[in-house]
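What follows is protein.cif (mmCIF, C-alpha atoms; chains and numbers go by the auth columns).
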```cif
data_run
loop_
_atom_site.group_PDB
_atom_site.id
_atom_site.type_symbol
_atom_site.label_atom_id
_atom_site.label_comp_id
_atom_site.label_asym_id
_atom_site.label_seq_id
_atom_site.Cartn_x
_atom_site.Cartn_y
_atom_site.Cartn_z
_atom_site.B_iso_or_equiv
_atom_site.auth_seq_id
_atom_site.auth_asym_id
ATOM 1 C CA GLY A 1 28.337 25.665 -4.346 0.00 19 A
ATOM 2 C CA ASP A 2 31.342 23.713 -3.082 0.00 20 A
ATOM 3 C CA HIS A 3 32.097 21.143 -5.774 0.00 21 A
ATOM 4 C CA SER A 4 34.271 19.150 -3.393 0.00 22 A
ATOM 5 C CA ARG A 5 31.085 18.488 -1.405 0.00 23 A
ATOM 6 C CA ALA A 6 28.959 17.947 -4.521 0.00 24 A
ATOM 7 C CA GLN A 7 27.021 21.166 -4.008 0.00 25 A
ATOM 8 C CA MET A 8 25.404 23.007 -6.899 0.00 26 A
ATOM 9 C CA CYS A 9 23.522 26.318 -6.728 0.00 27 A
ATOM 10 C CA ILE A 10 21.409 27.646 -9.599 0.00 28 A
ATOM 11 C CA LEU A 11 20.232 31.226 -9.944 0.00 29 A
ATOM 12 C CA ARG A 12 17.141 31.022 -12.141 0.00 30 A
ATOM 13 C CA ASP A 13 17.211 33.611 -14.917 0.00 31 A
ATOM 14 C CA GLY A 14 20.616 34.577 -13.521 0.00 32 A
ATOM 15 C CA VAL A 15 22.087 35.928 -16.762 0.00 33 A
ATOM 16 C CA ARG A 16 19.362 38.565 -16.923 0.00 34 A
ATOM 17 C CA LYS A 17 19.281 39.253 -13.186 0.00 35 A
ATOM 18 C CA LEU A 18 23.025 39.890 -13.119 0.00 36 A
ATOM 19 C CA GLY A 19 22.892 42.155 -16.159 0.00 37 A
ATOM 20 C CA LEU A 20 24.915 39.781 -18.355 0.00 38 A
ATOM 21 C CA SER A 21 22.481 39.284 -21.245 0.00 39 A
ATOM 22 C CA ASP A 22 24.577 41.472 -23.561 0.00 40 A
ATOM 23 C CA SER A 23 27.963 40.372 -22.268 0.00 41 A
ATOM 24 C CA VAL A 24 28.636 37.909 -25.120 0.00 42 A
ATOM 25 C CA PRO A 25 29.339 39.324 -28.606 0.00 43 A
ATOM 26 C CA SER A 26 26.059 39.509 -30.517 0.00 44 A
ATOM 27 C CA ALA A 27 27.803 38.068 -33.583 0.00 45 A
ATOM 28 C CA LEU A 28 28.620 34.896 -31.651 0.00 46 A
ATOM 29 C CA LEU A 29 25.096 34.474 -30.293 0.00 47 A
ATOM 30 C CA GLU A 30 23.597 35.081 -33.727 0.00 48 A
ATOM 31 C CA ALA A 31 25.920 32.488 -35.282 0.00 49 A
ATOM 32 C CA CYS A 32 24.828 29.940 -32.666 0.00 50 A
ATOM 33 C CA ARG A 33 21.167 30.702 -33.342 0.00 51 A
ATOM 34 C CA ARG A 34 21.679 30.195 -37.076 0.00 52 A
ATOM 35 C CA HIS A 35 23.528 26.888 -36.879 0.00 53 A
ATOM 36 C CA CYS A 36 22.808 23.717 -34.886 0.00 54 A
ATOM 37 C CA CYS A 37 26.308 22.414 -35.679 0.00 55 A
ATOM 38 C CA PRO A 38 29.060 23.822 -33.394 0.00 56 A
ATOM 39 C CA VAL A 39 31.606 23.765 -36.231 0.00 57 A
ATOM 40 C CA GLU A 40 29.405 25.782 -38.576 0.00 58 A
ATOM 41 C CA ALA A 41 28.461 28.171 -35.758 0.00 59 A
ATOM 42 C CA ALA A 42 32.123 28.819 -34.930 0.00 60 A
ATOM 43 C CA LEU A 43 33.036 29.346 -38.592 0.00 61 A
ATOM 44 C CA ASP A 44 30.133 31.771 -38.943 0.00 62 A
ATOM 45 C CA ALA A 45 31.302 33.614 -35.807 0.00 63 A
ATOM 46 C CA ILE A 46 34.759 33.973 -37.355 0.00 64 A
ATOM 47 C CA ASP A 47 33.226 35.329 -40.575 0.00 65 A
ATOM 48 C CA ARG A 48 31.188 37.793 -38.511 0.00 66 A
ATOM 49 C CA GLU A 49 34.405 38.885 -36.749 0.00 67 A
ATOM 50 C CA ALA A 50 33.020 38.073 -33.304 0.00 68 A
ATOM 51 C CA GLY A 51 36.557 38.274 -31.936 0.00 69 A
ATOM 52 C CA GLY A 52 37.817 41.149 -34.045 0.00 70 A
ATOM 53 C CA SER A 53 39.308 41.509 -37.511 0.00 71 A
ATOM 54 C CA GLY A 54 40.860 38.542 -39.298 0.00 72 A
ATOM 55 C CA ASP A 55 40.276 35.093 -37.820 0.00 73 A
ATOM 56 C CA GLY A 56 39.960 36.812 -34.470 0.00 74 A
ATOM 57 C CA LEU A 57 39.083 33.685 -32.476 0.00 75 A
ATOM 58 C CA ASP A 58 40.925 30.773 -30.914 0.00 76 A
ATOM 59 C CA GLY A 59 39.748 27.676 -29.075 0.00 77 A
ATOM 60 C CA ASP A 60 39.879 23.881 -28.931 0.00 78 A
ATOM 61 C CA VAL A 61 38.053 21.610 -31.393 0.00 79 A
ATOM 62 C CA PHE A 62 36.936 18.151 -30.246 0.00 80 A
ATOM 63 C CA TYR A 63 34.840 15.452 -31.877 0.00 81 A
ATOM 64 C CA TRP A 64 33.417 12.051 -31.053 0.00 82 A
ATOM 65 C CA ALA A 65 33.397 9.427 -33.783 0.00 83 A
ATOM 66 C CA ALA A 66 30.104 7.567 -34.128 0.00 84 A
ATOM 67 C CA GLY A 67 29.690 5.090 -31.265 0.00 85 A
ATOM 68 C CA ASN A 68 32.839 6.227 -29.432 0.00 86 A
ATOM 69 C CA PRO A 69 32.353 7.730 -25.931 0.00 87 A
ATOM 70 C CA ARG A 70 35.875 9.224 -25.918 0.00 88 A
ATOM 71 C CA ARG A 71 36.687 12.441 -27.709 0.00 89 A
ATOM 72 C CA GLN A 72 39.520 13.273 -30.065 0.00 90 A
ATOM 73 C CA GLU A 73 41.056 16.681 -30.664 0.00 91 A
ATOM 74 C CA VAL A 74 41.755 18.398 -33.980 0.00 92 A
ATOM 75 C CA GLU A 75 45.175 19.960 -33.470 0.00 93 A
ATOM 76 C CA LYS A 76 47.563 22.325 -35.281 0.00 94 A
ATOM 77 C CA GLY A 77 46.725 25.346 -37.379 0.00 95 A
ATOM 78 C CA SER A 78 44.412 28.291 -36.950 0.00 96 A
ATOM 79 C CA LEU A 79 40.968 27.788 -35.477 0.00 97 A
ATOM 80 C CA ARG A 80 39.432 28.142 -38.934 0.00 98 A
ATOM 81 C CA ALA A 81 41.769 25.472 -40.351 0.00 99 A
ATOM 82 C CA ARG A 82 40.959 23.049 -37.531 0.00 100 A
ATOM 83 C CA LEU A 83 37.223 23.620 -37.896 0.00 101 A
ATOM 84 C CA GLU A 84 37.399 22.961 -41.618 0.00 102 A
ATOM 85 C CA ARG A 85 39.324 19.717 -41.014 0.00 103 A
ATOM 86 C CA CYS A 86 36.701 18.698 -38.448 0.00 104 A
ATOM 87 C CA ARG A 87 34.014 18.945 -41.124 0.00 105 A
ATOM 88 C CA ALA A 88 35.321 15.726 -42.664 0.00 106 A
ATOM 89 C CA GLU A 89 34.798 13.885 -39.378 0.00 107 A
ATOM 90 C CA LEU A 90 31.242 15.188 -39.142 0.00 108 A
ATOM 91 C CA GLN A 91 30.478 13.854 -42.602 0.00 109 A
ATOM 92 C CA ALA A 92 31.482 10.416 -41.294 0.00 110 A
ATOM 93 C CA GLY A 93 28.932 10.637 -38.471 0.00 111 A
ATOM 94 C CA ALA A 94 30.962 12.349 -35.734 0.00 112 A
ATOM 95 C CA VAL A 95 29.690 15.114 -33.444 0.00 113 A
ATOM 96 C CA ALA A 96 31.761 18.134 -32.431 0.00 114 A
ATOM 97 C CA TYR A 97 32.262 20.439 -29.436 0.00 115 A
ATOM 98 C CA ILE A 98 34.109 23.766 -29.401 0.00 116 A
ATOM 99 C CA THR A 99 35.694 24.651 -26.056 0.00 117 A
ATOM 100 C CA GLU A 100 37.623 27.557 -24.522 0.00 118 A
ATOM 101 C CA LEU A 101 36.546 29.894 -27.324 0.00 119 A
ATOM 102 C CA SER A 102 38.307 33.232 -26.877 0.00 120 A
ATOM 103 C CA ARG A 103 40.010 36.016 -28.772 0.00 121 A
ATOM 104 C CA ASP A 104 43.213 34.984 -30.508 0.00 122 A
ATOM 105 C CA HIS A 105 45.087 37.800 -28.748 0.00 123 A
ATOM 106 C CA LYS A 106 44.911 39.565 -25.411 0.00 124 A
ATOM 107 C CA MET A 107 43.159 42.888 -24.982 0.00 125 A
ATOM 108 C CA HIS A 108 42.540 45.226 -22.061 0.00 126 A
ATOM 109 C CA HIS A 109 39.271 44.333 -20.349 0.00 127 A
ATOM 110 C CA GLU A 110 36.851 47.262 -20.465 0.00 128 A
ATOM 111 C CA PHE A 111 35.953 47.063 -16.755 0.00 129 A
ATOM 112 C CA THR A 112 39.213 46.226 -15.034 0.00 130 A
ATOM 113 C CA GLY A 113 41.872 46.949 -17.633 0.00 131 A
ATOM 114 C CA GLU A 114 43.373 43.502 -17.073 0.00 132 A
ATOM 115 C CA TYR A 115 45.039 41.899 -20.086 0.00 133 A
ATOM 116 C CA CYS A 116 42.980 38.864 -21.152 0.00 134 A
ATOM 117 C CA ARG A 117 41.519 37.001 -24.130 0.00 135 A
ATOM 118 C CA SER A 118 37.970 36.635 -22.792 0.00 136 A
ATOM 119 C CA LEU A 119 35.180 37.335 -25.280 0.00 137 A
ATOM 120 C CA VAL A 120 32.693 38.494 -22.656 0.00 138 A
ATOM 121 C CA CYS A 121 32.701 42.171 -21.731 0.00 139 A
ATOM 122 C CA LYS A 122 31.230 41.517 -18.272 0.00 140 A
ATOM 123 C CA ASP A 123 31.188 38.471 -16.015 0.00 141 A
ATOM 124 C CA VAL A 124 29.900 37.308 -12.640 0.00 142 A
ATOM 125 C CA LYS A 125 33.293 38.334 -11.333 0.00 143 A
ATOM 126 C CA ASP A 126 32.431 41.962 -12.137 0.00 144 A
ATOM 127 C CA CYS A 127 29.081 42.071 -10.338 0.00 145 A
ATOM 128 C CA ALA A 128 29.537 39.735 -7.358 0.00 146 A
ATOM 129 C CA GLY A 129 30.873 41.034 -4.072 0.00 147 A
ATOM 130 C CA GLY A 130 33.661 39.510 -2.021 0.00 148 A
ATOM 131 C CA SER A 131 36.981 38.057 -3.105 0.00 149 A
ATOM 132 C CA LEU A 132 38.399 34.614 -3.849 0.00 150 A
ATOM 133 C CA PRO A 133 41.978 33.281 -3.961 0.00 151 A
ATOM 134 C CA MET A 134 41.555 32.740 -7.724 0.00 152 A
ATOM 135 C CA TRP A 135 38.818 33.904 -10.074 0.00 153 A
ATOM 136 C CA ASP A 136 39.889 33.406 -13.661 0.00 154 A
ATOM 137 C CA ARG A 137 37.953 34.843 -16.587 0.00 155 A
ATOM 138 C CA GLY A 138 36.549 31.866 -18.426 0.00 156 A
ATOM 139 C CA HIS A 139 35.881 31.358 -22.101 0.00 157 A
ATOM 140 C CA CYS A 140 32.932 30.282 -24.249 0.00 158 A
ATOM 141 C CA PHE A 141 31.771 26.806 -25.249 0.00 159 A
ATOM 142 C CA ILE A 142 29.621 25.833 -28.245 0.00 160 A
ATOM 143 C CA GLY A 143 27.806 22.516 -28.110 0.00 161 A
ATOM 144 C CA SER A 144 24.765 20.795 -29.555 0.00 162 A
ATOM 145 C CA GLU A 145 22.575 17.812 -28.794 0.00 163 A
ATOM 146 C CA GLY A 146 24.625 14.920 -27.406 0.00 164 A
ATOM 147 C CA VAL A 147 27.919 16.781 -26.878 0.00 165 A
ATOM 148 C CA GLY A 148 29.558 18.545 -23.971 0.00 166 A
ATOM 149 C CA SER A 149 32.324 18.091 -21.434 0.00 167 A
ATOM 150 C CA CYS A 150 33.398 14.552 -20.608 0.00 168 A
ATOM 151 C CA MET A 151 33.468 13.339 -17.012 0.00 169 A
ATOM 152 C CA HIS A 152 36.474 15.090 -15.479 0.00 170 A
ATOM 153 C CA VAL A 153 37.921 16.796 -12.426 0.00 171 A
ATOM 154 C CA ASP A 154 37.955 20.502 -13.194 0.00 172 A
ATOM 155 C CA GLN A 155 41.147 22.531 -12.784 0.00 173 A
ATOM 156 C CA ALA A 156 39.310 24.648 -10.205 0.00 174 A
ATOM 157 C CA TRP A 157 37.855 21.557 -8.546 0.00 175 A
ATOM 158 C CA TRP A 158 36.593 23.394 -5.454 0.00 176 A
ATOM 159 C CA SER A 159 34.148 25.762 -7.186 0.00 177 A
ATOM 160 C CA ASN A 160 33.000 27.013 -10.579 0.00 178 A
ATOM 161 C CA VAL A 161 30.593 29.593 -11.974 0.00 179 A
ATOM 162 C CA GLY A 162 28.949 28.850 -15.311 0.00 180 A
ATOM 163 C CA LYS A 163 26.433 30.724 -17.468 0.00 181 A
ATOM 164 C CA ASN A 164 24.088 29.304 -20.094 0.00 182 A
ATOM 165 C CA PHE A 165 22.963 31.621 -22.912 0.00 183 A
ATOM 166 C CA LEU A 166 21.339 29.328 -25.487 0.00 184 A
ATOM 167 C CA GLY A 167 19.965 25.789 -25.493 0.00 185 A
ATOM 168 C CA TYR A 168 19.990 23.346 -22.592 0.00 186 A
ATOM 169 C CA LYS A 169 22.854 21.964 -20.525 0.00 187 A
ATOM 170 C CA LEU A 170 22.711 18.850 -18.361 0.00 188 A
ATOM 171 C CA VAL A 171 25.186 18.855 -15.464 0.00 189 A
ATOM 172 C CA ALA A 172 26.031 16.146 -12.913 0.00 190 A
ATOM 173 C CA VAL A 173 28.407 16.140 -9.946 0.00 191 A
ATOM 174 C CA TRP A 174 29.536 13.287 -7.729 0.00 192 A
ATOM 175 C CA GLY A 175 30.293 13.442 -4.024 0.00 193 A
ATOM 176 C CA PRO A 176 33.630 12.619 -2.373 0.00 194 A
ATOM 177 C CA ALA A 177 32.581 9.073 -1.520 0.00 195 A
ATOM 178 C CA GLU A 178 31.635 8.195 -5.123 0.00 196 A
ATOM 179 C CA ALA A 179 34.045 10.341 -7.125 0.00 197 A
ATOM 180 C CA ALA A 180 37.021 7.974 -7.260 0.00 198 A
ATOM 181 C CA SER A 181 35.029 4.935 -8.412 0.00 199 A
ATOM 182 C CA ALA A 182 33.001 7.038 -10.883 0.00 200 A
ATOM 183 C CA LEU A 183 36.180 8.428 -12.460 0.00 201 A
ATOM 184 C CA GLU A 184 37.750 4.984 -12.606 0.00 202 A
ATOM 185 C CA SER A 185 34.701 3.641 -14.436 0.00 203 A
ATOM 186 C CA CYS A 186 33.864 6.508 -16.781 0.00 204 A
ATOM 187 C CA GLY A 187 36.523 9.225 -16.521 0.00 205 A
ATOM 188 C CA GLY A 188 37.019 10.910 -19.898 0.00 206 A
ATOM 189 C CA GLU A 189 33.749 9.569 -21.305 0.00 207 A
ATOM 190 C CA MET A 190 30.807 11.497 -22.714 0.00 208 A
ATOM 191 C CA PHE A 191 27.411 10.622 -21.248 0.00 209 A
ATOM 192 C CA ARG A 192 25.001 10.665 -24.183 0.00 210 A
ATOM 193 C CA LYS A 193 22.242 8.436 -25.425 0.00 211 A
ATOM 194 C CA PRO A 194 22.229 5.555 -25.631 0.00 212 A
ATOM 195 C CA LEU A 195 23.981 5.248 -22.258 0.00 213 A
ATOM 196 C CA THR A 196 26.066 2.154 -21.669 0.00 214 A
ATOM 197 C CA ALA A 197 25.159 -0.041 -18.691 0.00 215 A
ATOM 198 C CA LYS A 198 28.311 1.180 -16.932 0.00 216 A
ATOM 199 C CA GLN A 199 27.434 4.832 -17.504 0.00 217 A
ATOM 200 C CA ARG A 200 23.892 4.275 -16.243 0.00 218 A
ATOM 201 C CA ASP A 201 25.217 2.727 -13.022 0.00 219 A
ATOM 202 C CA VAL A 202 27.645 5.603 -12.481 0.00 220 A
ATOM 203 C CA LEU A 203 25.004 8.238 -13.217 0.00 221 A
ATOM 204 C CA LEU A 204 22.752 6.718 -10.572 0.00 222 A
ATOM 205 C CA GLN A 205 25.524 7.465 -8.043 0.00 223 A
ATOM 206 C CA ALA A 206 25.589 11.223 -8.874 0.00 224 A
ATOM 207 C CA ALA A 207 24.924 13.513 -5.919 0.00 225 A
ATOM 208 C CA ARG A 208 23.383 16.331 -7.987 0.00 226 A
ATOM 209 C CA ILE A 209 21.936 16.552 -11.497 0.00 227 A
ATOM 210 C CA ALA A 210 20.658 19.806 -12.988 0.00 228 A
ATOM 211 C CA LEU A 211 19.159 20.781 -16.344 0.00 229 A
ATOM 212 C CA LEU A 212 19.932 24.393 -17.218 0.00 230 A
ATOM 213 C CA ASP A 213 17.669 26.172 -19.684 0.00 231 A
ATOM 214 C CA PRO A 214 18.322 29.433 -21.552 0.00 232 A
#
```

Output the structure of this file as structure tokens.
Amino acid sequence: GDHSRAQMCILRDGVRKLGLSDSVPSALLEACRRHCCPVEAALDAIDREAGGSGDGLDGDVFYWAAGNPRRQEVEKGSLRARLERCRAELQAGAVAYITELSRDHKMHHEFTGEYCRSLVCKDVKDCAGGSLPMWDRGHCFIGSEGVGSCMHVDQAWWSNVGKNFLGYKLVAVWGPAEAASALESCGGEMFRKPLTAKQRDVLLQAARIALLDP
């Protein structure tokens, strides 16, 4: 759908229908099945060499301190080092989210030969017809209950394609008329229970809300 017009299209059972069920490294999926905590899942994926030998993986590590709707990032060092530092925040009641998970080095993609860091061996880009001005190969995200992307304007604000392999994902988009005021009120905030009164008011203005299942 056209995000600029608050459109959202869902292909039920799309991962299977598009032949993408095996596109994510099995070691990564198994790590996510074994661990409810994103940090522990990512560390397990590194140990299982989901991205190749050595650390093999790179990505961004975020956490929310207890009661804080705004995230903080764990910076500097290898992904393993940042994940291990994030453990201390979790012990203090924080929740974590791993974003843009990819290989730590570029490799030739097995379908197109393009040089990229994507973990998936096949994407919607490889099985959908037509062409777009820009279709970047995205990366993987590991979440858990109560974590995800904050309210934001995506870099590709006009359209996005997402896939959900495990768990549930709640998505909301706002239309052009409500977007500016919604961002002013809650931009950069995570919507998780218990919602604040301000977040509840903004969520009621959303044009589309969808719950994606595995």

Excluding Leu108 (chain A) and its own-chain neighbours fewer than 3 positions away, which residues fall within 12 Å of it when counting all atoms listed in the file? Please give them as a count of residues only.
19

Using 9 Å as the limit and counting all atoms listed in the file, can you tabulate each residue of region 67-87 of chain A that touches region 34-46 of chain A, with its shortest atom-to-atom distance in Å and the two atoms involved, as CSV?
```
residue,atom,partner,partner_atom,distance
A:Glu67,CA,A:Ala45,CA,7.4
A:Ala68,CA,A:Ala45,CA,5.2
A:Gly69,CA,A:Pro43,CA,8.0
```

To box region 158-168 of chain A, take all atoms listed in the file, fit an axis-aligned box, add 4 Å on each side, and give centre and edge lengths in Å to one decimal, as JSON.
```
{"center_x": 28.0, "center_y": 22.4, "center_z": -25.1, "size_x": 18.8, "size_y": 23.7, "size_z": 16.9}
```

Nearest residue to Arg23 (chain A) out of A:Glu196, A:Asp219, A:Glu107, A:Asp141, using all atoms listed in the file?
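The shortest atom-to-atom distance to Arg23 (chain A) comes from A:Glu196.
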
Top pick for closest residue to Phe183 (chain A), considering A:Leu221, A:Ile227, A:Phe209, A:Val138 and counting all atoms listed in the file
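Among the listed residues, the smallest separation from Phe183 (chain A) belongs to A:Val138.
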
Around (22.8, 8.5, -8.9) in the file's frame, which residues reach within 12 Å when counting all atoms listed in the file? Return as a count of residues only?
18

The residue from A:Asn182, A:Leu213, A:Met169, A:Gln25 with the smallest atom-to-atom distance to Leu201 (chain A), counting only C-alpha atoms, is A:Met169

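Atom to atom, CA of Glu132 (chain A) and CA of Arg98 (chain A) stand 27.0 Å apart.
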
If the PyMOL selection byres ((chain A and resi 179) around 10) is run on the structure shown, which residues does it catch, given as a PyMOL selection string?
chain A and resi 19+26-28+141-143+153+156+177-178+180-181

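Shortest separation to Gly161 (chain A) among A:Asp65, A:Asp76, A:Glu118, A:Glu207 occurs at residue A:Glu118, atoms counted being only C-alpha atoms.
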
Expand the PyMOL selection byres ((chain A and resi 188) around 7) into the individual residues it matches in the shown file, reporting them as a PyMOL selection string.
chain A and resi 186-187+189-190+228-230

What is the CA of Ile116 (chain A)-CA of Tyr133 (chain A) distance in Å, reported with one decimal?
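A separation of 23.1 Å between them.
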
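Each of A:Asp172, A:Asp62, A:Asp122, A:Glu93 was compared to Leu137 (chain A) using all atoms listed in the file, and A:Asp122 turns out to be the nearest.
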
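Between Arg135 (chain A) and the residues A:Leu97, A:Ile160, A:Ala63, A:Leu75, the shortest atom-to-atom distance, using all atoms listed in the file, involves A:Leu75.
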
What is the CA of Ala198 (chain A) to CA of Arg89 (chain A) distance in Å?
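CA of Ala198 (chain A) sits 20.9 Å away from CA of Arg89 (chain A).
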
Give as a PyMOL selection string the set of residues within 8 Å of the point (44.1, 37.5, -27.6), where distances use the file's coordinates and all atoms listed in the file.
chain A and resi 75+120-125+134-136
